[in-house]
Amino acid sequence: MASLNSRPRRPSSAGSSSMEIRNEKNGFSSFDGTDNDRSSLYAVVDEANVKGAGEGEGLLEKEASNQLSRNSSSRDSFGWAVFWIAVNTLATIGIVFTNKAIFSDPSLKLAQLSFAAFHFFMTWSLLFTLSRPRFAYFTPRRIALREIIPLSVAMSLNVILPNLSLAFSSVTFYQVARILLTPTVATMDFVLYKSMLPRNAILALIPACLGVGMVSYYDSLPTDDANVKTTSSLGVIFAFSGIFASSLYTVWIKSYQRKLQVSSMQLLFNQAPVSAFLLLYAIPFIDTFPTWTEVPVGRWMMILMSGVFAALINLSQFFIVGQTGPVSSTVVGHLKTCLIVALGWATSGRSVGDKSIVGVFIAIAGIITYSMVMLRQAIRNHK
């Protein structure tokens with residue numbers, strides 16, 4: 001592991017919030033692996049001060065040294081970007097399959113609120129650490145409780161409903177269904193803010209939705225093979241309910257950041273403890289608890305790993321947003337979807353000739369086409 005001093009440069013506390021909001025508004029994330037102050041890389045020489053060849057050689061050596069330093073900084077930033085992308089990808093895959101293993105235990109499947117509260121606590125602990133003066137990756141800002149409660153409720157539903165979907169669905173269906181987040185968010189943006197998508201983007205979302213529909217139908221059909229993992233009706237209901245909740249949460253986050261002028265880290269730092277606290281009131285009435293002493297040690301380790309994966313996803317996303325461009329972020333997102341779907345299919349017990357695989361390919365092709373259209377549109381708007 002690289003030393004602490006070689007980690008990526010963090011944004012200044014004063015400017016992090018405004019920078020992040022501006023990037024989100026423009027649909028672009030900046031990639032700048034070198035020092036922003038370029039003026040120090042160039043030397044201005046007054047002819048009257050050049051006394052001889054010796055001083056000229058010294059100037060050339062200084063410029064060469066600066067160039068090497070700049071190239072080294074760029075390579076370091078690229079290396080860190082690759083590292084955090086790898087961490088984010090592996091943690092995302094890890095949390096999906098770890099949670100699926102946890103929820104396969106009937107005694108833990110219905111303890112969803114407790115599980116979500118644990119994740120919120122882990123997230124807040126990470127953000128609290130990053131906000132300390134030793135790290136100072138962002139400056140905490142207090143937000144009034146009445147402002148944050150609606151978003152905290154949406155955040156809780158954004159975690160609980162998809163987890164319930166995963167508990168009652170196959171991994172393949174769970175991940176493919178999440179593709180519907182994009183058209184649902186686009187619809188909400190249009191209804192609430194009259195924000196229109198390009199026509200080609202809308203056309204690309206049609207096959208994506210059709211593909212998800214095909215997977216939903218074929219994956220929920222009963223089968224005589226006990227080794228084939230299927231999706232129950234509850235899994236489908238929770239999946240579509242979770243998509244609505246997650247879409248609303250996504251739209252609200254953008255709205256809250258504009259309204260409160262805070263960064264995503266500052267907003268999440270306020271949300272997480274409020275969400276956990278609100279769940280504590282509902283847990284005794286909703287959750288079904290197992291006999292704690294009968295829960296195997298391996299399950300407790302999985303629960304701890306799930307919390308660590310959640311913290312790593314939040315941490316890596318913070319660095320990815322600041323160090324990679326929109327193309328890289330989009331490609332990483334599609335890579336994670338394809339890997340989770342492929343691994344889910346490999347462990348589902350289904351044959352290659354199963355009809356739902358057609359829906360998987362149609363849905364993924366549709367969402368990739370949509371992303372390409374939106375990236376081209378963002379590039380044109382940025383010029």
# chains A, B, ... in the order shown; residues from 1 in each chain; ligands from 1

$ residues_around --residues "Val295 in chain A" --least-positions-apart "6" --cutoff "12 Å" --atoms "only C-alpha atoms" --output "ChimeraX atom specification"
/A:102,105-108,289,301-303

$ select_by_dssp --residues "range 115-314 of chain A" --states "alpha helix (DSSP H)" --output "ChimeraX atom specification"
/A:115-131,145-167,171-177,181-193,199-219,233-260,264-286,297-314

$ residues_around --residues "Lys259 in chain A" --least-positions-apart "3" --cutoff "12 Å" --atoms "only C-alpha atoms" --output "PyMOL selection string"
chain A and resi 21+143+147-148+252-256+262-263+267

$ closest_atom_pairs --of "range 210-307 of chain A" --to "range 344-357 of chain A" --cutoff "12 Å" --atoms "only C-alpha atoms" --output "tab-separated table"
residue	atom	partner	partner_atom	distance
A:Leu210	CA	A:Ser356	CA	11.6
A:Gly211	CA	A:Ser356	CA	8.7
A:Val212	CA	A:Ser356	CA	9.3
A:Gly213	CA	A:Ser356	CA	9.6
A:Met214	CA	A:Ser356	CA	6.2
A:Val215	CA	A:Ser356	CA	4.9
A:Ser216	CA	A:Ser356	CA	8.1
A:Tyr217	CA	A:Ser356	CA	8.0
A:Tyr218	CA	A:Ser356	CA	5.3
A:Asp219	CA	A:Ser356	CA	6.4
A:Ser220	CA	A:Ser356	CA	9.9
A:Leu221	CA	A:Ser356	CA	10.3
A:Thr223	CA	A:Arg350	CA	10.4
A:Asp224	CA	A:Arg350	CA	11.9
A:Asp225	CA	A:Gly349	CA	8.8
A:Ala226	CA	A:Gly349	CA	9.1
A:Asn227	CA	A:Gly349	CA	5.8
A:Val228	CA	A:Gly349	CA	4.5
A:Lys229	CA	A:Ser348	CA	5.0
A:Thr230	CA	A:Ser348	CA	7.9
A:Thr231	CA	A:Ser348	CA	10.7

$ closest_residue --among "A:Ser275, A:Thr89, A:Ser152, A:Ser241" --to "Phe118 in chain A" --atoms "only C-alpha atoms"
A:Ser275

$ atom_distance --atom1 "CA of Thr98 in chain A" --atom2 "CA of Ser371 in chain A"
28.5 Å

$ residues_around --residues "Thr369 in chain A" --least-positions-apart "2" --cutoff "12 Å" --atoms "only C-alpha atoms" --output "short mmCIF file (atom, residue, chain, number, x, y, z; two decimals) with C-alpha atoms, in the first residue's frame"
data_model
loop_
_atom_site.label_atom_id
_atom_site.label_comp_id
_atom_site.auth_asym_id
_atom_site.auth_seq_id
_atom_site.Cartn_x
_atom_site.Cartn_y
_atom_site.Cartn_z
CA ASN A 200 -32.32 9.18 -29.25
CA ALA A 201 -31.87 8.64 -25.50
CA ILE A 202 -35.60 7.98 -25.08
CA LEU A 203 -35.53 5.52 -27.99
CA ALA A 204 -32.58 3.68 -26.38
CA LEU A 205 -34.51 3.28 -23.12
CA ILE A 206 -37.36 1.42 -24.84
CA PRO A 207 -35.38 -1.81 -25.44
CA ALA A 208 -33.86 -1.47 -21.96
CA THR A 330 -20.00 5.24 -17.11
CA VAL A 331 -17.84 2.36 -18.31
CA HIS A 334 -21.64 -0.92 -17.01
CA ILE A 362 -31.45 -6.52 -24.71
CA ALA A 363 -31.62 -4.59 -21.42
CA ILE A 364 -27.84 -4.15 -21.12
CA ALA A 365 -27.51 -3.14 -24.81
CA GLY A 366 -30.28 -0.58 -24.37
CA ILE A 367 -28.75 1.05 -21.29
CA SER A 371 -25.28 6.15 -21.93
CA MET A 372 -23.43 6.71 -25.21
CA VAL A 373 -26.13 9.13 -26.39
CA MET A 374 -26.05 11.07 -23.11
CA LEU A 375 -22.24 11.25 -23.09
CA ARG A 376 -22.21 12.70 -26.60
#

$ atom_distance --atom1 "CA of Trp80 in chain A" --atom2 "CA of Ile313 in chain A"
15.1 Å

$ atom_distance --atom1 "CA of Ser169 in chain A" --atom2 "CA of Gly235 in chain A"
4.9 Å

$ residues_around --residues "Val153 in chain A" --least-positions-apart "6" --cutoff "10 Å" --atoms "only C-alpha atoms" --output "mmCIF file with N, CA and C atoms, in the first residue's frame"
data_model
loop_
_atom_site.group_PDB
_atom_site.id
_atom_site.type_symbol
_atom_site.label_atom_id
_atom_site.label_comp_id
_atom_site.auth_asym_id
_atom_site.auth_seq_id
_atom_site.Cartn_x
_atom_site.Cartn_y
_atom_site.Cartn_z
ATOM 1 N N ALA A 245 -38.489 4.028 -5.160
ATOM 2 C CA ALA A 245 -37.895 4.703 -4.002
ATOM 3 C C ALA A 245 -36.492 5.215 -4.322
ATOM 4 N N TYR A 249 -35.229 9.097 -4.470
ATOM 5 C CA TYR A 249 -34.071 9.484 -3.662
ATOM 6 C C TYR A 249 -33.011 10.158 -4.518
ATOM 7 N N GLN A 271 -27.532 12.797 6.663
ATOM 8 C CA GLN A 271 -28.600 11.835 6.458
ATOM 9 C C GLN A 271 -28.432 10.555 7.255
ATOM 10 N N VAL A 274 -29.519 10.255 10.964
ATOM 11 C CA VAL A 274 -30.964 10.482 11.101
ATOM 12 C C VAL A 274 -31.729 9.260 10.607
ATOM 13 N N SER A 275 -31.296 8.689 9.473
ATOM 14 C CA SER A 275 -31.947 7.484 8.952
ATOM 15 C C SER A 275 -31.850 6.334 9.947
ATOM 16 N N ALA A 276 -30.663 6.126 10.517
ATOM 17 C CA ALA A 276 -30.479 5.050 11.496
ATOM 18 C C ALA A 276 -31.357 5.275 12.724
ATOM 19 N N LEU A 278 -34.200 7.010 12.926
ATOM 20 C CA LEU A 278 -35.604 6.803 12.605
ATOM 21 C C LEU A 278 -35.948 5.316 12.551
ATOM 22 N N LEU A 279 -35.023 4.510 12.032
ATOM 23 C CA LEU A 279 -35.273 3.072 11.942
ATOM 24 C C LEU A 279 -35.371 2.419 13.314
#

$ decode --residues "range 108-254 of chain A" --atoms "C-alpha atoms" --output "PDB file, in the first residue's frame"
ATOM      1  CA  LEU A 108     -32.036 -13.005   8.903  1.00  0.00           C
ATOM      2  CA  LYS A 109     -34.188 -12.412   5.812  1.00  0.00           C
ATOM      3  CA  LEU A 110     -36.782 -10.400   7.763  1.00  0.00           C
ATOM      4  CA  ALA A 111     -34.367  -8.330   9.883  1.00  0.00           C
ATOM      5  CA  GLN A 112     -33.987  -5.773   7.090  1.00  0.00           C
ATOM      6  CA  LEU A 113     -34.384  -2.588   9.150  1.00  0.00           C
ATOM      7  CA  SER A 114     -31.688  -3.648  11.609  1.00  0.00           C
ATOM      8  CA  PHE A 115     -29.414  -4.500   8.692  1.00  0.00           C
ATOM      9  CA  ALA A 116     -29.991  -1.079   7.070  1.00  0.00           C
ATOM     10  CA  ALA A 117     -29.396   0.749  10.365  1.00  0.00           C
ATOM     11  CA  PHE A 118     -26.067  -1.068  10.705  1.00  0.00           C
ATOM     12  CA  HIS A 119     -25.045   0.064   7.202  1.00  0.00           C
ATOM     13  CA  PHE A 120     -26.002   3.660   7.991  1.00  0.00           C
ATOM     14  CA  PHE A 121     -23.890   3.544  11.141  1.00  0.00           C
ATOM     15  CA  MET A 122     -20.903   2.203   9.189  1.00  0.00           C
ATOM     16  CA  THR A 123     -21.335   4.928   6.559  1.00  0.00           C
ATOM     17  CA  TRP A 124     -21.546   7.679   9.183  1.00  0.00           C
ATOM     18  CA  SER A 125     -18.458   6.309  10.979  1.00  0.00           C
ATOM     19  CA  LEU A 126     -16.479   6.467   7.738  1.00  0.00           C
ATOM     20  CA  LEU A 127     -17.633  10.013   6.956  1.00  0.00           C
ATOM     21  CA  PHE A 128     -16.887  11.135  10.507  1.00  0.00           C
ATOM     22  CA  THR A 129     -13.323   9.815  10.134  1.00  0.00           C
ATOM     23  CA  LEU A 130     -12.829  11.524   6.755  1.00  0.00           C
ATOM     24  CA  SER A 131     -14.046  14.842   8.150  1.00  0.00           C
ATOM     25  CA  ARG A 132     -11.509  14.898  11.001  1.00  0.00           C
ATOM     26  CA  PRO A 133      -8.642  17.442  10.739  1.00  0.00           C
ATOM     27  CA  ARG A 134      -6.105  14.637  10.179  1.00  0.00           C
ATOM     28  CA  PHE A 135      -7.796  13.810   6.843  1.00  0.00           C
ATOM     29  CA  ALA A 136     -10.082  16.826   6.171  1.00  0.00           C
ATOM     30  CA  TYR A 137     -11.518  15.424   2.930  1.00  0.00           C
ATOM     31  CA  PHE A 138     -14.617  17.540   3.495  1.00  0.00           C
ATOM     32  CA  THR A 139     -15.898  20.073   6.016  1.00  0.00           C
ATOM     33  CA  PRO A 140     -19.066  18.994   7.873  1.00  0.00           C
ATOM     34  CA  ARG A 141     -22.053  21.309   7.647  1.00  0.00           C
ATOM     35  CA  ARG A 142     -25.029  21.126   9.968  1.00  0.00           C
ATOM     36  CA  ILE A 143     -28.425  20.867   8.256  1.00  0.00           C
ATOM     37  CA  ALA A 144     -31.679  21.516  10.113  1.00  0.00           C
ATOM     38  CA  LEU A 145     -33.458  18.323  11.168  1.00  0.00           C
ATOM     39  CA  ARG A 146     -36.740  19.318   9.535  1.00  0.00           C
ATOM     40  CA  GLU A 147     -34.892  19.745   6.241  1.00  0.00           C
ATOM     41  CA  ILE A 148     -33.210  16.352   6.299  1.00  0.00           C
ATOM     42  CA  ILE A 149     -35.994  14.050   7.614  1.00  0.00           C
ATOM     43  CA  PRO A 150     -37.841  13.553   4.261  1.00  0.00           C
ATOM     44  CA  LEU A 151     -34.567  12.712   2.510  1.00  0.00           C
ATOM     45  CA  SER A 152     -33.564  10.361   5.349  1.00  0.00           C
ATOM     46  CA  VAL A 153     -36.849   8.462   5.011  1.00  0.00           C
ATOM     47  CA  ALA A 154     -36.235   8.157   1.250  1.00  0.00           C
ATOM     48  CA  MET A 155     -32.683   6.985   1.970  1.00  0.00           C
ATOM     49  CA  SER A 156     -34.007   4.239   4.259  1.00  0.00           C
ATOM     50  CA  LEU A 157     -36.474   3.008   1.622  1.00  0.00           C
ATOM     51  CA  ASN A 158     -33.692   3.215  -0.974  1.00  0.00           C
ATOM     52  CA  VAL A 159     -31.760   0.596   1.015  1.00  0.00           C
ATOM     53  CA  ILE A 160     -34.501  -1.568   2.549  1.00  0.00           C
ATOM     54  CA  LEU A 161     -36.679  -2.223  -0.518  1.00  0.00           C
ATOM     55  CA  PRO A 162     -33.806  -3.257  -2.853  1.00  0.00           C
ATOM     56  CA  ASN A 163     -32.449  -5.513  -0.082  1.00  0.00           C
ATOM     57  CA  LEU A 164     -35.864  -7.154   0.216  1.00  0.00           C
ATOM     58  CA  SER A 165     -35.857  -7.584  -3.560  1.00  0.00           C
ATOM     59  CA  LEU A 166     -32.469  -9.302  -3.358  1.00  0.00           C
ATOM     60  CA  ALA A 167     -33.745 -11.555  -0.549  1.00  0.00           C
ATOM     61  CA  PHE A 168     -36.665 -12.825  -2.650  1.00  0.00           C
ATOM     62  CA  SER A 169     -35.075 -12.695  -6.142  1.00  0.00           C
ATOM     63  CA  SER A 170     -32.221 -14.147  -8.126  1.00  0.00           C
ATOM     64  CA  VAL A 171     -29.102 -11.984  -8.361  1.00  0.00           C
ATOM     65  CA  THR A 172     -29.542 -11.719 -12.143  1.00  0.00           C
ATOM     66  CA  PHE A 173     -33.079 -10.335 -11.891  1.00  0.00           C
ATOM     67  CA  TYR A 174     -32.124  -8.021  -9.025  1.00  0.00           C
ATOM     68  CA  GLN A 175     -29.302  -6.420 -11.020  1.00  0.00           C
ATOM     69  CA  VAL A 176     -31.086  -6.245 -14.375  1.00  0.00           C
ATOM     70  CA  ALA A 177     -34.143  -4.673 -12.742  1.00  0.00           C
ATOM     71  CA  ARG A 178     -31.919  -1.856 -11.412  1.00  0.00           C
ATOM     72  CA  ILE A 179     -31.481  -0.752 -15.037  1.00  0.00           C
ATOM     73  CA  LEU A 180     -34.996   0.697 -14.752  1.00  0.00           C
ATOM     74  CA  LEU A 181     -33.601   3.352 -12.402  1.00  0.00           C
ATOM     75  CA  THR A 182     -32.476   5.370 -15.428  1.00  0.00           C
ATOM     76  CA  PRO A 183     -35.862   5.690 -17.207  1.00  0.00           C
ATOM     77  CA  THR A 184     -37.656   6.162 -13.876  1.00  0.00           C
ATOM     78  CA  VAL A 185     -35.343   9.020 -12.840  1.00  0.00           C
ATOM     79  CA  ALA A 186     -35.758  10.562 -16.315  1.00  0.00           C
ATOM     80  CA  THR A 187     -39.557  10.380 -15.960  1.00  0.00           C
ATOM     81  CA  MET A 188     -39.470  11.972 -12.502  1.00  0.00           C
ATOM     82  CA  ASP A 189     -37.166  14.736 -13.749  1.00  0.00           C
ATOM     83  CA  PHE A 190     -39.660  15.473 -16.523  1.00  0.00           C
ATOM     84  CA  VAL A 191     -42.698  15.436 -14.228  1.00  0.00           C
ATOM     85  CA  LEU A 192     -41.108  17.492 -11.440  1.00  0.00           C
ATOM     86  CA  TYR A 193     -38.713  19.771 -13.316  1.00  0.00           C
ATOM     87  CA  LYS A 194     -39.791  19.549 -16.994  1.00  0.00           C
ATOM     88  CA  SER A 195     -36.336  18.209 -17.879  1.00  0.00           C
ATOM     89  CA  MET A 196     -36.386  16.538 -21.313  1.00  0.00           C
ATOM     90  CA  LEU A 197     -34.099  13.816 -22.621  1.00  0.00           C
ATOM     91  CA  PRO A 198     -32.806  13.780 -26.212  1.00  0.00           C
ATOM     92  CA  ARG A 199     -35.036  11.770 -28.560  1.00  0.00           C
ATOM     93  CA  ASN A 200     -32.318   9.177 -29.251  1.00  0.00           C
ATOM     94  CA  ALA A 201     -31.873   8.636 -25.505  1.00  0.00           C
ATOM     95  CA  ILE A 202     -35.600   7.983 -25.084  1.00  0.00           C
ATOM     96  CA  LEU A 203     -35.534   5.524 -27.988  1.00  0.00           C
ATOM     97  CA  ALA A 204     -32.583   3.685 -26.380  1.00  0.00           C
ATOM     98  CA  LEU A 205     -34.513   3.284 -23.120  1.00  0.00           C
ATOM     99  CA  ILE A 206     -37.356   1.425 -24.837  1.00  0.00           C
ATOM    100  CA  PRO A 207     -35.376  -1.808 -25.441  1.00  0.00           C
ATOM    101  CA  ALA A 208     -33.856  -1.472 -21.957  1.00  0.00           C
ATOM    102  CA  CYS A 209     -37.340  -1.532 -20.431  1.00  0.00           C
ATOM    103  CA  LEU A 210     -38.461  -4.380 -22.712  1.00  0.00           C
ATOM    104  CA  GLY A 211     -35.395  -6.413 -21.719  1.00  0.00           C
ATOM    105  CA  VAL A 212     -36.139  -5.969 -18.016  1.00  0.00           C
ATOM    106  CA  GLY A 213     -39.737  -7.027 -18.682  1.00  0.00           C
ATOM    107  CA  MET A 214     -38.551 -10.233 -20.397  1.00  0.00           C
ATOM    108  CA  VAL A 215     -36.213 -11.092 -17.502  1.00  0.00           C
ATOM    109  CA  SER A 216     -38.994 -10.386 -14.987  1.00  0.00           C
ATOM    110  CA  TYR A 217     -41.355 -12.756 -16.780  1.00  0.00           C
ATOM    111  CA  TYR A 218     -39.032 -15.680 -17.484  1.00  0.00           C
ATOM    112  CA  ASP A 219     -37.119 -15.459 -14.196  1.00  0.00           C
ATOM    113  CA  SER A 220     -40.320 -15.638 -12.143  1.00  0.00           C
ATOM    114  CA  LEU A 221     -41.712 -18.722 -13.911  1.00  0.00           C
ATOM    115  CA  PRO A 222     -41.809 -21.820 -11.683  1.00  0.00           C
ATOM    116  CA  THR A 223     -39.384 -24.621 -12.501  1.00  0.00           C
ATOM    117  CA  ASP A 224     -39.152 -28.294 -11.608  1.00  0.00           C
ATOM    118  CA  ASP A 225     -35.376 -28.095 -11.174  1.00  0.00           C
ATOM    119  CA  ALA A 226     -34.602 -27.405  -7.502  1.00  0.00           C
ATOM    120  CA  ASN A 227     -31.096 -26.220  -8.422  1.00  0.00           C
ATOM    121  CA  VAL A 228     -32.386 -23.293 -10.517  1.00  0.00           C
ATOM    122  CA  LYS A 229     -32.755 -20.050  -8.547  1.00  0.00           C
ATOM    123  CA  THR A 230     -35.939 -18.158  -9.438  1.00  0.00           C
ATOM    124  CA  THR A 231     -37.622 -14.899  -8.463  1.00  0.00           C
ATOM    125  CA  SER A 232     -40.797 -14.923  -6.378  1.00  0.00           C
ATOM    126  CA  SER A 233     -43.742 -12.563  -6.845  1.00  0.00           C
ATOM    127  CA  LEU A 234     -42.639 -10.741  -3.686  1.00  0.00           C
ATOM    128  CA  GLY A 235     -39.210 -10.257  -5.243  1.00  0.00           C
ATOM    129  CA  VAL A 236     -40.755  -8.584  -8.303  1.00  0.00           C
ATOM    130  CA  ILE A 237     -42.965  -6.340  -6.150  1.00  0.00           C
ATOM    131  CA  PHE A 238     -40.066  -5.300  -3.913  1.00  0.00           C
ATOM    132  CA  ALA A 239     -37.849  -4.752  -6.971  1.00  0.00           C
ATOM    133  CA  PHE A 240     -40.211  -2.289  -8.646  1.00  0.00           C
ATOM    134  CA  SER A 241     -41.060  -0.591  -5.326  1.00  0.00           C
ATOM    135  CA  GLY A 242     -37.321  -0.230  -4.675  1.00  0.00           C
ATOM    136  CA  ILE A 243     -36.749   1.258  -8.131  1.00  0.00           C
ATOM    137  CA  PHE A 244     -39.378   3.919  -7.444  1.00  0.00           C
ATOM    138  CA  ALA A 245     -37.895   4.703  -4.002  1.00  0.00           C
ATOM    139  CA  SER A 246     -34.320   4.804  -5.350  1.00  0.00           C
ATOM    140  CA  SER A 247     -35.344   7.047  -8.253  1.00  0.00           C
ATOM    141  CA  LEU A 248     -37.117   9.472  -5.942  1.00  0.00           C
ATOM    142  CA  TYR A 249     -34.071   9.484  -3.662  1.00  0.00           C
ATOM    143  CA  THR A 250     -31.773  10.202  -6.623  1.00  0.00           C
ATOM    144  CA  VAL A 251     -33.911  13.123  -7.806  1.00  0.00           C
ATOM    145  CA  TRP A 252     -34.196  14.530  -4.296  1.00  0.00           C
ATOM    146  CA  ILE A 253     -30.438  14.357  -3.726  1.00  0.00           C
ATOM    147  CA  LYS A 254     -29.805  16.617  -6.724  1.00  0.00           C
TER     148      LYS A 254
END
